[in-house]
Structures are given as C-alpha cells and as structure tokens.
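*Asks:* The structure is given below, and queries will be raised subsequently.
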Amino acid sequence: MKLIVGLGNPGREYEGTRHNAGFMAVDRLASRHAAGAVARGRFHAAVVEARVGDEPCLFMKPTTYMNRSGAAVAEAVGFYKLQPASDLLVIVDDVALPCGTVRIRPGGGAGGHNGLTDVQRALGTQAWPRCRIGIDPAPEFMNQADYVLGRFSDEQWALVAPAIERAADAAEVFVRTGLDAAMNRFNAPAEGGQRHEGT
C-alpha cells in the first residue's frame, strides 16, 4: 500500500489557487487510475482507493486546511501500518521553486511551508518523500499568504499545468519502481533550461 497525499485547502473558494497544486496533482492521479470514483470522507480527508500497476494506493486530500494536514496523514499511516520513508509521498506547492519545476526529495525540512511543518509534527520525523511543484516566489510587494492563496496568472499556469502532470507521473514512478527511480527521472532539469536545484 502506498499513500499519495496532495496538500491544499478544501472548499470552492480555494480551487485553482497556488497553494492547492498538491490537490491538483492528486486529482490527476485519481482521474487516471480511478476514473469516475467518488472520493470518500476518511481520516479527516477526501480519499480515493486505486491501483497503480499491482500496487494498491490511497490518494488523499486532507480536509483539515493546510496548517493541520498532519492529522490526516498520521491517521492513515497508522491505520495501514505504513513506513513513511518508503510508503508515503506528499505532493506540495513550493514558493522557492520556479513555476514549471518539479523536485522530489527523500526528506528534509519544511522550508517554512505550514502543511509540511504539520505533517512533520504529526509523524515525528522528517524522513518521508515529498514532491514539490514550483509556484514562483511571491512578488516583493505582495504578502506571501495572499500570494499562495491567489490564482495563477495565465503565464504561470502555462508552466504549472504540465508540472502538475509531471508530479502525477512522478508519483506513478514512485509507486511502481521506487523513490530513487522517481528522483533520477524527474529531478533532471526541465525543458527551458531550468537548473537542477543545488547546482
């Protein structure tokens, strides 16, 4: 069993906002692997059960709002007796990455992201994979909270839409062949000359 979690905020007013990039990626996975399935309320989240290849998966969107995402993740991890380091992937937006960028890491800090901070708190460890979708830094004149809760410009969406597809692709590779394979494939520079993080 693999648990694929997209972070975001529930409710129509938050649909399509930058902070909901993780929700969008999980929606793509559900449409690919459980077309027509109706999400159920479970673990303080909207969940869809599916299979990716031979592996059973739970696609999850916590409904507790971003800064309380950890409760849903920890409850599902505990219920299924999952190992976070190998069975969990969290998909999330990241203001530190340019739009169109996807980066996968096996663990690490939260980088100031409230959702990641709460998952880390609830699990009691930083050692779980995360897939980050770049949404660009907030402009200097804009409060970051207002920025992440706003919607993508047309120019940003042209870059983010394919990145969301790539994040869903990366989750599939993670499920089928593991984290290393996903990192090797999706941490390469994206088309357009974006550089590998850390280089």
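In the structure tokens, each chain is lettered A, B, ... as it comes, each chain's residues begin at 1, and ligands are numbered from 1 in order of appearance.
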Can you write out as CSV which residues of stretch 104-139 of chain A fall within 12 Å of stretch 68-86 of chain A, alongside each residue's closest atom pair and its distance in Å to one decimal, counting only C-alpha atoms and ordering rows by chain and ascending residue number?

*Replies:*
residue,atom,partner,partner_atom,distance
A:Arg105,CA,A:Ala85,CA,10.8
A:Pro106,CA,A:Ala85,CA,7.3
A:Gly107,CA,A:Ala85,CA,8.0
A:Gly108,CA,A:Ala85,CA,11.4
A:His113,CA,A:Ser69,CA,11.2
A:Asn114,CA,A:Arg68,CA,8.2
A:Gly115,CA,A:Ser69,CA,5.7
A:Leu116,CA,A:Gly70,CA,7.9
A:Thr117,CA,A:Gly70,CA,8.2
A:Asp118,CA,A:Gly70,CA,4.9
A:Val119,CA,A:Gly70,CA,3.7
A:Gln120,CA,A:Gly70,CA,7.1
A:Arg121,CA,A:Gly70,CA,7.0
A:Ala122,CA,A:Gly70,CA,5.1
A:Leu123,CA,A:Ala74,CA,5.8
A:Gly124,CA,A:Ala74,CA,9.4
A:Thr125,CA,A:Pro84,CA,8.8
A:Gln126,CA,A:Ala85,CA,8.9
A:Ala127,CA,A:Ala85,CA,5.5
A:Trp128,CA,A:Ala85,CA,4.3
A:Pro129,CA,A:Ala85,CA,6.4
A:Arg130,CA,A:Ala85,CA,10.0

*Asks:* Just to be explicit: take each residue in the selection above, keep N, CA and C atoms, and write the result as an mmCIF file, in the first residue's frame.

*Replies:*
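So the final result, stored in out39.cif, reads:
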data_model
loop_
_atom_site.group_PDB
_atom_site.id
_atom_site.type_symbol
_atom_site.label_atom_id
_atom_site.label_comp_id
_atom_site.auth_asym_id
_atom_site.auth_seq_id
_atom_site.Cartn_x
_atom_site.Cartn_y
_atom_site.Cartn_z
ATOM 1 N N ARG A 105 12.358 14.823 -3.103
ATOM 2 C CA ARG A 105 13.384 14.619 -2.093
ATOM 3 C C ARG A 105 12.934 13.518 -1.129
ATOM 4 N N PRO A 106 13.885 12.774 -0.552
ATOM 5 C CA PRO A 106 13.525 11.702 0.371
ATOM 6 C C PRO A 106 13.169 12.194 1.772
ATOM 7 N N GLY A 107 13.422 13.463 2.047
ATOM 8 C CA GLY A 107 13.139 14.007 3.366
ATOM 9 C C GLY A 107 13.666 15.421 3.448
ATOM 10 N N GLY A 108 13.799 15.916 4.671
ATOM 11 C CA GLY A 108 14.325 17.258 4.853
ATOM 12 C C GLY A 108 13.363 18.140 5.611
ATOM 13 N N HIS A 113 6.941 25.867 4.963
ATOM 14 C CA HIS A 113 5.616 25.505 4.455
ATOM 15 C C HIS A 113 4.767 24.945 5.594
ATOM 16 N N ASN A 114 3.622 25.577 5.865
ATOM 17 C CA ASN A 114 2.812 25.191 7.016
ATOM 18 C C ASN A 114 2.300 23.765 6.932
ATOM 19 N N GLY A 115 1.955 23.310 5.729
ATOM 20 C CA GLY A 115 1.461 21.948 5.576
ATOM 21 C C GLY A 115 2.538 20.929 5.875
ATOM 22 N N LEU A 116 3.725 21.126 5.315
ATOM 23 C CA LEU A 116 4.834 20.210 5.578
ATOM 24 C C LEU A 116 5.225 20.238 7.049
ATOM 25 N N THR A 117 5.209 21.426 7.649
ATOM 26 C CA THR A 117 5.532 21.547 9.068
ATOM 27 C C THR A 117 4.597 20.695 9.920
ATOM 28 N N ASP A 118 3.307 20.711 9.591
ATOM 29 C CA ASP A 118 2.347 19.961 10.401
ATOM 30 C C ASP A 118 2.455 18.459 10.153
ATOM 31 N N VAL A 119 2.738 18.053 8.925
ATOM 32 C CA VAL A 119 2.948 16.625 8.660
ATOM 33 C C VAL A 119 4.167 16.144 9.436
ATOM 34 N N GLN A 120 5.225 16.936 9.415
ATOM 35 C CA GLN A 120 6.440 16.590 10.162
ATOM 36 C C GLN A 120 6.139 16.455 11.653
ATOM 37 N N ARG A 121 5.369 17.382 12.189
ATOM 38 C CA ARG A 121 4.999 17.335 13.605
ATOM 39 C C ARG A 121 4.204 16.066 13.915
ATOM 40 N N ALA A 122 3.234 15.765 13.070
ATOM 41 C CA ALA A 122 2.343 14.631 13.334
ATOM 42 C C ALA A 122 3.053 13.292 13.200
ATOM 43 N N LEU A 123 3.988 13.192 12.262
ATOM 44 C CA LEU A 123 4.701 11.929 12.062
ATOM 45 C C LEU A 123 5.901 11.789 12.991
ATOM 46 N N GLY A 124 6.392 12.910 13.520
ATOM 47 C CA GLY A 124 7.545 12.872 14.403
ATOM 48 C C GLY A 124 8.852 12.595 13.691
ATOM 49 N N THR A 125 8.883 12.857 12.381
ATOM 50 C CA THR A 125 10.091 12.617 11.598
ATOM 51 C C THR A 125 10.053 13.481 10.340
ATOM 52 N N GLN A 126 11.246 13.756 9.796
ATOM 53 C CA GLN A 126 11.365 14.436 8.509
ATOM 54 C C GLN A 126 11.616 13.444 7.375
ATOM 55 N N ALA A 127 11.731 12.173 7.714
ATOM 56 C CA ALA A 127 12.167 11.166 6.742
ATOM 57 C C ALA A 127 10.984 10.559 5.990
ATOM 58 N N TRP A 128 10.416 11.359 5.110
ATOM 59 C CA TRP A 128 9.370 10.879 4.213
ATOM 60 C C TRP A 128 9.449 11.692 2.920
ATOM 61 N N PRO A 129 9.231 11.029 1.780
ATOM 62 C CA PRO A 129 9.408 11.691 0.487
ATOM 63 C C PRO A 129 8.373 12.777 0.244
ATOM 64 N N ARG A 130 8.835 13.799 -0.444
ATOM 65 C CA ARG A 130 7.926 14.877 -0.864
ATOM 66 C C ARG A 130 8.257 15.285 -2.294
#

*Asks:* List the neighbours of A:His19 out to 12 Å using only C-alpha atoms; skip same-chain residues closer than 3 positions along the sequence, and give me the result as an MDAnalysis selection string.

*Replies:* chainID A and resid 6:10 13:16 22:25 65:67 91:95 113:115 132:136 138 144:152

*Asks:* Please report, as a PyMOL selection string, each residue of stretch 17-76 of chain A to which DSSP assigns helix (DSSP H, G or I) when run on this structure's backbone.

*Replies:* chain A and resi 18-33+66-68+70-76

*Asks:* Next, write the just-selected residues to a file, as a short mmCIF file (atom, residue, chain, number, x, y, z; two decimals), in the first residue's frame, keeping N, CA and C atoms as the atom set.

*Replies:*
data_model
loop_
_atom_site.label_atom_id
_atom_site.label_comp_id
_atom_site.auth_asym_id
_atom_site.auth_seq_id
_atom_site.Cartn_x
_atom_site.Cartn_y
_atom_site.Cartn_z
N ARG A 18 -2.73 28.75 -5.93
CA ARG A 18 -1.36 28.25 -5.97
C ARG A 18 -1.10 27.22 -4.85
N HIS A 19 -1.68 27.46 -3.69
CA HIS A 19 -1.45 26.58 -2.54
C HIS A 19 -2.08 25.20 -2.74
N ASN A 20 -2.93 25.05 -3.75
CA ASN A 20 -3.63 23.79 -3.98
C ASN A 20 -3.01 22.97 -5.10
N ALA A 21 -1.76 23.26 -5.46
CA ALA A 21 -1.11 22.49 -6.51
C ALA A 21 -1.06 21.00 -6.16
N GLY A 22 -0.85 20.69 -4.89
CA GLY A 22 -0.83 19.29 -4.47
C GLY A 22 -2.17 18.61 -4.68
N PHE A 23 -3.26 19.30 -4.34
CA PHE A 23 -4.60 18.77 -4.60
C PHE A 23 -4.76 18.47 -6.10
N MET A 24 -4.30 19.38 -6.94
CA MET A 24 -4.48 19.22 -8.38
C MET A 24 -3.76 17.97 -8.88
N ALA A 25 -2.56 17.72 -8.36
CA ALA A 25 -1.80 16.54 -8.80
C ALA A 25 -2.50 15.25 -8.37
N VAL A 26 -3.05 15.23 -7.17
CA VAL A 26 -3.77 14.04 -6.71
C VAL A 26 -5.05 13.85 -7.52
N ASP A 27 -5.70 14.94 -7.89
CA ASP A 27 -6.88 14.83 -8.76
C ASP A 27 -6.51 14.19 -10.09
N ARG A 28 -5.34 14.56 -10.64
CA ARG A 28 -4.89 13.95 -11.89
C ARG A 28 -4.69 12.46 -11.71
N LEU A 29 -4.06 12.06 -10.62
CA LEU A 29 -3.86 10.64 -10.36
C LEU A 29 -5.19 9.90 -10.24
N ALA A 30 -6.14 10.49 -9.54
CA ALA A 30 -7.44 9.85 -9.39
C ALA A 30 -8.14 9.71 -10.74
N SER A 31 -8.04 10.71 -11.59
CA SER A 31 -8.69 10.63 -12.89
C SER A 31 -8.04 9.57 -13.78
N ARG A 32 -6.75 9.34 -13.60
CA ARG A 32 -6.05 8.33 -14.39
C ARG A 32 -6.33 6.91 -13.91
N HIS A 33 -6.40 6.73 -12.59
CA HIS A 33 -6.42 5.37 -12.04
C HIS A 33 -7.72 4.98 -11.36
N MET A 66 -4.70 23.56 5.29
CA MET A 66 -3.28 23.31 5.09
C MET A 66 -2.51 23.13 6.38
N ASN A 67 -2.70 24.06 7.34
CA ASN A 67 -1.83 24.05 8.52
C ASN A 67 -2.18 22.97 9.53
N ARG A 68 -3.16 22.10 9.19
CA ARG A 68 -3.49 20.96 10.06
C ARG A 68 -3.48 19.66 9.26
N GLY A 70 -1.31 17.38 8.98
CA GLY A 70 -0.64 16.22 9.57
C GLY A 70 -1.58 15.21 10.19
N ALA A 71 -2.71 15.65 10.73
CA ALA A 71 -3.62 14.71 11.39
C ALA A 71 -4.10 13.63 10.42
N ALA A 72 -4.47 14.04 9.22
CA ALA A 72 -4.97 13.08 8.22
C ALA A 72 -3.87 12.11 7.82
N VAL A 73 -2.68 12.65 7.56
CA VAL A 73 -1.57 11.80 7.12
C VAL A 73 -1.20 10.79 8.20
N ALA A 74 -1.05 11.25 9.42
CA ALA A 74 -0.64 10.36 10.52
C ALA A 74 -1.69 9.29 10.78
N GLU A 75 -2.96 9.65 10.67
CA GLU A 75 -4.01 8.67 10.93
C GLU A 75 -3.99 7.55 9.89
N ALA A 76 -3.81 7.92 8.62
CA ALA A 76 -3.76 6.90 7.57
C ALA A 76 -2.50 6.05 7.67
#

*Asks:* From stretch 37-174 of chain A, collect each residue whose DSSP state is strand (DSSP E or B) and return the set as a ChimeraX atom specification.

*Replies:* /A:40-42,45-52,55-62,88-94,102-105,130-134,151

*Asks:* Extract, using only C-alpha atoms, all DNA, RNA and protein residues at most 6 Å from A:Cys57, discarding same-chain residues fewer than 4 positions from it, and format them as a list in words.

*Replies:*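 In the requested format, the answer is Met1, Lys2, Leu3, Glu49, Ala50 and Arg51 of chain A.
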
*Asks:* Keeping only C-alpha atoms, write the selected residues to a file as a PDB file, in the first residue's frame.

*Replies:*
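Contents of result_8.pdb, freshly written:
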ATOM      1  CA  MET A   1       0.000   0.000   0.000  1.00  0.00           C
ATOM      2  CA  LYS A   2       1.227   3.459  -0.953  1.00  0.00           C
ATOM      3  CA  LEU A   3      -0.234   6.678   0.399  1.00  0.00           C
ATOM      4  CA  GLU A  49      -8.692   3.972  -3.445  1.00  0.00           C
ATOM      5  CA  ALA A  50      -6.977   2.834  -6.635  1.00  0.00           C
ATOM      6  CA  ARG A  51      -4.274   0.599  -8.016  1.00  0.00           C
TER       7      ARG A  51
END
